[in-house]
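**Student:** Input protein_4.pdb, format and content: PDB, C-alpha atoms.
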```pdb
ATOM      1  CA  MET A 500      36.807 132.978 -18.043  1.00  0.00           C
ATOM      2  CA  VAL A 501      35.869 130.339 -20.638  1.00  0.00           C
ATOM      3  CA  ARG A 502      35.176 126.838 -19.371  1.00  0.00           C
ATOM      4  CA  ASP A 503      36.229 123.839 -21.419  1.00  0.00           C
ATOM      5  CA  ALA A 504      34.093 121.285 -19.608  1.00  0.00           C
ATOM      6  CA  GLN A 505      30.354 121.361 -19.140  1.00  0.00           C
ATOM      7  CA  PRO A 506      28.919 121.089 -15.622  1.00  0.00           C
ATOM      8  CA  PRO A 507      27.874 117.511 -14.732  1.00  0.00           C
ATOM      9  CA  SER A 508      24.177 118.368 -15.088  1.00  0.00           C
ATOM     10  CA  GLN A 509      24.823 119.438 -18.695  1.00  0.00           C
ATOM     11  CA  GLU A 510      26.815 116.323 -19.582  1.00  0.00           C
ATOM     12  CA  ARG A 511      26.024 114.938 -23.047  1.00  0.00           C
ATOM     13  CA  ARG A 512      26.948 111.291 -22.690  1.00  0.00           C
ATOM     14  CA  ARG A 513      24.657 108.421 -23.569  1.00  0.00           C
ATOM     15  CA  GLY A 514      22.370 107.507 -20.696  1.00  0.00           C
ATOM     16  CA  ALA A 515      23.114 110.606 -18.579  1.00  0.00           C
ATOM     17  CA  SER A 516      19.566 111.929 -18.968  1.00  0.00           C
ATOM     18  CA  LEU A 517      18.261 108.555 -17.728  1.00  0.00           C
ATOM     19  CA  GLY A 518      20.556 108.490 -14.708  1.00  0.00           C
ATOM     20  CA  LEU A 519      22.470 105.472 -16.049  1.00  0.00           C
ATOM     21  CA  PRO A 520      26.197 104.901 -15.477  1.00  0.00           C
ATOM     22  CA  PRO A 521      28.609 105.733 -18.317  1.00  0.00           C
ATOM     23  CA  ASP A 522      29.857 102.142 -18.638  1.00  0.00           C
ATOM     24  CA  GLY A 523      29.673  98.695 -17.097  1.00  0.00           C
ATOM     25  CA  PRO A 524      26.541  96.963 -15.779  1.00  0.00           C
ATOM     26  CA  GLY A 525      23.461  99.163 -16.044  1.00  0.00           C
ATOM     27  CA  SER A 526      24.882 101.371 -18.789  1.00  0.00           C
ATOM     28  CA  LEU A 527      23.093 101.675 -22.117  1.00  0.00           C
ATOM     29  CA  ALA A 528      23.865  98.868 -24.533  1.00  0.00           C
ATOM     30  CA  GLY A 529      25.446  99.810 -27.824  1.00  0.00           C
ATOM     31  CA  PHE A 530      23.631  99.617 -31.149  1.00  0.00           C
ATOM     32  CA  GLY A 531      25.756  96.700 -32.350  1.00  0.00           C
ATOM     33  CA  SER A 532      25.047  94.467 -29.354  1.00  0.00           C
ATOM     34  CA  ARG A 533      21.314  95.263 -29.530  1.00  0.00           C
ATOM     35  CA  VAL A 534      21.256  94.311 -33.224  1.00  0.00           C
ATOM     36  CA  GLN A 535      23.147  91.090 -32.480  1.00  0.00           C
ATOM     37  CA  ALA A 536      20.624  90.169 -29.759  1.00  0.00           C
ATOM     38  CA  TYR A 537      17.764  90.902 -32.186  1.00  0.00           C
ATOM     39  CA  LEU A 538      19.346  88.696 -34.863  1.00  0.00           C
ATOM     40  CA  VAL A 539      19.840  85.828 -32.395  1.00  0.00           C
ATOM     41  CA  ASP A 540      16.161  86.089 -31.401  1.00  0.00           C
ATOM     42  CA  ALA A 541      15.016  86.350 -35.023  1.00  0.00           C
ATOM     43  CA  VAL A 542      17.002  83.307 -36.146  1.00  0.00           C
ATOM     44  CA  ALA A 543      15.890  81.279 -33.116  1.00  0.00           C
ATOM     45  CA  SER A 544      12.252  82.227 -33.765  1.00  0.00           C
ATOM     46  CA  GLY A 545      12.608  81.226 -37.401  1.00  0.00           C
ATOM     47  CA  LEU A 546      13.993  77.835 -36.419  1.00  0.00           C
ATOM     48  CA  VAL A 547      11.216  77.275 -33.858  1.00  0.00           C
ATOM     49  CA  ALA A 548       8.576  78.263 -36.452  1.00  0.00           C
ATOM     50  CA  LEU A 549      10.182  75.962 -39.025  1.00  0.00           C
ATOM     51  CA  ALA A 550      10.174  73.059 -36.562  1.00  0.00           C
ATOM     52  CA  PHE A 551       6.519  73.534 -35.592  1.00  0.00           C
ATOM     53  CA  PHE A 552       4.909  74.826 -38.786  1.00  0.00           C
ATOM     54  CA  GLY A 553       7.165  73.635 -41.609  1.00  0.00           C
ATOM     55  CA  PRO A 554       8.810  75.551 -44.444  1.00  0.00           C
ATOM     56  CA  GLY A 555       7.139  78.255 -46.506  1.00  0.00           C
ATOM     57  CA  ARG A 556       5.235  79.924 -43.682  1.00  0.00           C
ATOM     58  CA  ALA A 557       7.316  83.016 -42.920  1.00  0.00           C
ATOM     59  CA  TYR A 558       4.494  84.811 -41.070  1.00  0.00           C
ATOM     60  CA  TRP A 559       4.730  82.197 -38.318  1.00  0.00           C
ATOM     61  CA  SER A 560       8.309  83.297 -37.684  1.00  0.00           C
ATOM     62  CA  LEU A 561       7.133  86.813 -36.838  1.00  0.00           C
ATOM     63  CA  LEU A 562       4.373  85.518 -34.563  1.00  0.00           C
ATOM     64  CA  THR A 563       6.839  83.145 -32.882  1.00  0.00           C
ATOM     65  CA  PHE A 564       9.302  86.036 -32.451  1.00  0.00           C
ATOM     66  CA  ALA A 565       6.600  88.188 -30.854  1.00  0.00           C
ATOM     67  CA  ALA A 566       5.437  85.432 -28.495  1.00  0.00           C
ATOM     68  CA  ILE A 567       8.952  84.495 -27.354  1.00  0.00           C
ATOM     69  CA  THR A 568       9.891  88.158 -26.893  1.00  0.00           C
ATOM     70  CA  VAL A 569       6.813  89.135 -24.859  1.00  0.00           C
ATOM     71  CA  VAL A 570       6.906  86.060 -22.623  1.00  0.00           C
ATOM     72  CA  SER A 571      10.647  86.229 -21.961  1.00  0.00           C
ATOM     73  CA  LEU A 572      10.601  89.996 -21.283  1.00  0.00           C
ATOM     74  CA  VAL A 573       7.734  89.712 -18.800  1.00  0.00           C
ATOM     75  CA  LEU A 574       9.138  86.638 -17.021  1.00  0.00           C
ATOM     76  CA  PHE A 575      12.889  87.302 -17.161  1.00  0.00           C
ATOM     77  CA  GLY A 576      13.418  90.908 -18.292  1.00  0.00           C
ATOM     78  CA  GLN A 577      15.467  89.750 -21.264  1.00  0.00           C
ATOM     79  CA  THR A 578      15.069  87.751 -24.442  1.00  0.00           C
ATOM     80  CA  PRO A 579      17.272  84.722 -25.168  1.00  0.00           C
ATOM     81  CA  GLY A 580      19.411  86.899 -27.463  1.00  0.00           C
ATOM     82  CA  MET A 581      19.779  89.549 -24.772  1.00  0.00           C
ATOM     83  CA  ARG A 582      20.798  86.901 -22.251  1.00  0.00           C
ATOM     84  CA  LEU A 583      23.393  85.459 -24.610  1.00  0.00           C
ATOM     85  CA  LEU A 584      24.904  88.912 -25.172  1.00  0.00           C
ATOM     86  CA  GLY A 585      24.724  90.088 -21.566  1.00  0.00           C
ATOM     87  CA  LEU A 586      21.891  92.588 -21.977  1.00  0.00           C
ATOM     88  CA  ARG A 587      18.596  93.173 -20.207  1.00  0.00           C
ATOM     89  CA  LEU A 588      15.638  95.509 -20.460  1.00  0.00           C
ATOM     90  CA  ALA A 589      15.708  98.245 -17.842  1.00  0.00           C
ATOM     91  CA  HIS A 590      12.339  99.023 -16.309  1.00  0.00           C
ATOM     92  CA  PRO A 591      11.222 102.564 -15.373  1.00  0.00           C
ATOM     93  CA  ARG A 592      11.087 101.393 -11.740  1.00  0.00           C
ATOM     94  CA  PRO A 593      14.306  99.531 -10.887  1.00  0.00           C
ATOM     95  CA  GLY A 594      13.663  96.036  -9.566  1.00  0.00           C
ATOM     96  CA  ALA A 595      10.044  95.912 -10.748  1.00  0.00           C
ATOM     97  CA  GLN A 596       8.747  93.285 -13.164  1.00  0.00           C
ATOM     98  CA  LEU A 597       7.985  94.566 -16.650  1.00  0.00           C
ATOM     99  CA  ALA A 598       4.243  95.061 -17.162  1.00  0.00           C
ATOM    100  CA  TRP A 599       2.811  92.829 -19.885  1.00  0.00           C
ATOM    101  CA  TRP A 600       1.427  95.834 -21.800  1.00  0.00           C
ATOM    102  CA  ARG A 601       4.898  97.422 -22.027  1.00  0.00           C
ATOM    103  CA  ALA A 602       6.273  94.165 -23.421  1.00  0.00           C
ATOM    104  CA  VAL A 603       3.422  93.872 -25.949  1.00  0.00           C
ATOM    105  CA  VAL A 604       3.696  97.488 -27.173  1.00  0.00           C
ATOM    106  CA  ARG A 605       7.502  97.365 -27.312  1.00  0.00           C
ATOM    107  CA  THR A 606       7.465  94.059 -29.215  1.00  0.00           C
ATOM    108  CA  ALA A 607       4.776  95.196 -31.657  1.00  0.00           C
ATOM    109  CA  LEU A 608       6.860  98.262 -32.514  1.00  0.00           C
ATOM    110  CA  LEU A 609      10.015  96.151 -32.743  1.00  0.00           C
ATOM    111  CA  CYS A 610       8.269  93.831 -35.222  1.00  0.00           C
ATOM    112  CA  LEU A 611       7.747  96.863 -37.453  1.00  0.00           C
ATOM    113  CA  LEU A 612      11.564  97.338 -37.262  1.00  0.00           C
ATOM    114  CA  VAL A 613      11.537 101.017 -38.310  1.00  0.00           C
ATOM    115  CA  PRO A 614      10.752 102.345 -34.776  1.00  0.00           C
ATOM    116  CA  ALA A 615      13.833 100.518 -33.491  1.00  0.00           C
ATOM    117  CA  LEU A 616      15.961 102.410 -35.999  1.00  0.00           C
ATOM    118  CA  VAL A 617      14.632 105.842 -34.988  1.00  0.00           C
ATOM    119  CA  VAL A 618      16.921 106.648 -32.057  1.00  0.00           C
ATOM    120  CA  ASP A 619      17.304 109.587 -29.682  1.00  0.00           C
ATOM    121  CA  ALA A 620      20.504 111.197 -28.361  1.00  0.00           C
ATOM    122  CA  ASP A 621      20.843 108.366 -25.837  1.00  0.00           C
ATOM    123  CA  GLY A 622      20.605 105.738 -28.576  1.00  0.00           C
ATOM    124  CA  ARG A 623      17.214 104.426 -27.441  1.00  0.00           C
ATOM    125  CA  GLY A 624      14.820 103.380 -30.171  1.00  0.00           C
ATOM    126  CA  LEU A 625      11.305 104.756 -30.489  1.00  0.00           C
ATOM    127  CA  HIS A 626       9.925 101.458 -29.160  1.00  0.00           C
ATOM    128  CA  ASP A 627      11.921 101.948 -25.934  1.00  0.00           C
ATOM    129  CA  ARG A 628      11.073 105.633 -25.571  1.00  0.00           C
ATOM    130  CA  LEU A 629       7.338 104.977 -25.924  1.00  0.00           C
ATOM    131  CA  THR A 630       7.413 102.216 -23.291  1.00  0.00           C
ATOM    132  CA  ASP A 631       9.851 104.071 -20.994  1.00  0.00           C
ATOM    133  CA  THR A 632      12.418 101.272 -21.135  1.00  0.00           C
ATOM    134  CA  ALA A 633      16.059 100.944 -22.189  1.00  0.00           C
ATOM    135  CA  VAL A 634      18.313  98.042 -23.128  1.00  0.00           C
ATOM    136  CA  VAL A 635      21.257  98.042 -20.747  1.00  0.00           C
ATOM    137  CA  ARG A 636      24.322  95.908 -20.111  1.00  0.00           C
ATOM    138  CA  ASP A 637      23.722  93.169 -17.578  1.00  0.00           C
ATOM    139  CA  ARG A 638      27.379  92.365 -17.035  1.00  0.00           C
TER     140      ARG A 638
END
```
Before we go any further, please render this structure as structure tokens.
**Tutor:**
Amino acid sequence: MVRDAQPPSQERRRGASLGLPPDGPGSLAGFGSRVQAYLVDAVASGLVALAFFGPGRAYWSLLTFAAITVVSLVLFGQTPGMRLLGLRLAHPRPGAQLAWWRAVVRTALLCLLVPALVVDADGRGLHDRLTDTAVVRDR
């Protein structure tokens, strides 16, 4: 007899290998919403850098982005852009606070941008795979 459906342990849906639900809170966030959150954070960081350091100093925007991202991930588990879009960073141990080193490594790779575009079958970027995190829906 030929089976049409795969057994649940062989399921190939996003987040299944991580034990995440298929949809709703706690499910993996889509690429589009993650990009939108990144853009919100990038624009906000640019405006903060412009306000504090003046025009013509683009490198300050990247440093401002990194500082805001690391601090907000460690303290709140989400960046301002993630909060606005209803996302959060899932920790390898549910309920635990994100270790500062995970936030620093993840943010450094995100600043390079390319690691965020290299995704696995679950849609997680290289920066999330290396830090054992995932961006999930918060609501």
**Student:** Residues within 7 Å of range 603-605 of chain A, please, as a tab-separated table (two decimals) with C-alpha atoms, in the coordinates of the input. Count only C-alpha atoms; anything in the same chain fewer than 6 positions from it doesn't count.
**Tutor:**
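Full text of around03.tsv as output:
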```
chain	number	residue	atom	x	y	z
A	569	VAL	CA	6.81	89.14	-24.86
A	626	HIS	CA	9.93	101.46	-29.16
A	627	ASP	CA	11.92	101.95	-25.93
A	630	THR	CA	7.41	102.22	-23.29
```
**Student:** Might you pull out every residue within 12 Å of Asp631 in chain A, with only C-alpha atoms counted and same-chain residues fewer than 2 positions away left off, and present them as number ranges by chain?
**Tutor:** A: 517, 588-593, 597-598, 600-602, 604-605, 623-629, 633-634
**Student:** Applying the PyMOL selection byres ((chain A and resi 549-565) around 12) to the file I just gave you, which residues come out? Please list them as JSON, numbers by chain.
**Tutor:** {"A": [537, 538, 539, 540, 541, 542, 543, 544, 545, 546, 547, 548, 566, 567, 568, 569, 570, 571, 572, 578, 579, 580, 602, 603, 604, 605, 606, 607, 608, 609, 610, 611, 612]}
**Student:** Given the point (19.9, 94.2, -17.8) in the coordinates of this file, which residues lie within 6 Å, counting all atoms listed in the file, and how would they look as number ranges by chain?
**Tutor:** A: 586-589, 635-637
**Student:** From the options A:Leu519, A:Val618, A:Met581, A:Ala595, which residue's atoms come nearest to Val534 in chain A, counting all atoms listed in the file?
**Tutor:**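 Result for the nearest residue to Val534 in chain A: A:Met581.
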**Student:** So what do you get for CA of Leu584 in chain A versus CA of Ala536 in chain A, distance-wise?
**Tutor:**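 We find that CA of Leu584 in chain A and CA of Ala536 in chain A lie 6.4 Å from each other.
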**Student:** Which value, in Å to one decimal, gives the distance between CA of Ala528 in chain A and CA of Val617 in chain A?
**Tutor:**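 Pair CA of Ala528 in chain A / CA of Val617 in chain A returns 15.6 Å.
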**Student:** Which distance in Å separates CA of Arg638 in chain A and CA of Gly523 in chain A, to one decimal?
**Tutor:**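 So the two atoms, CA of Arg638 in chain A and CA of Gly523 in chain A, lie 6.7 Å apart.
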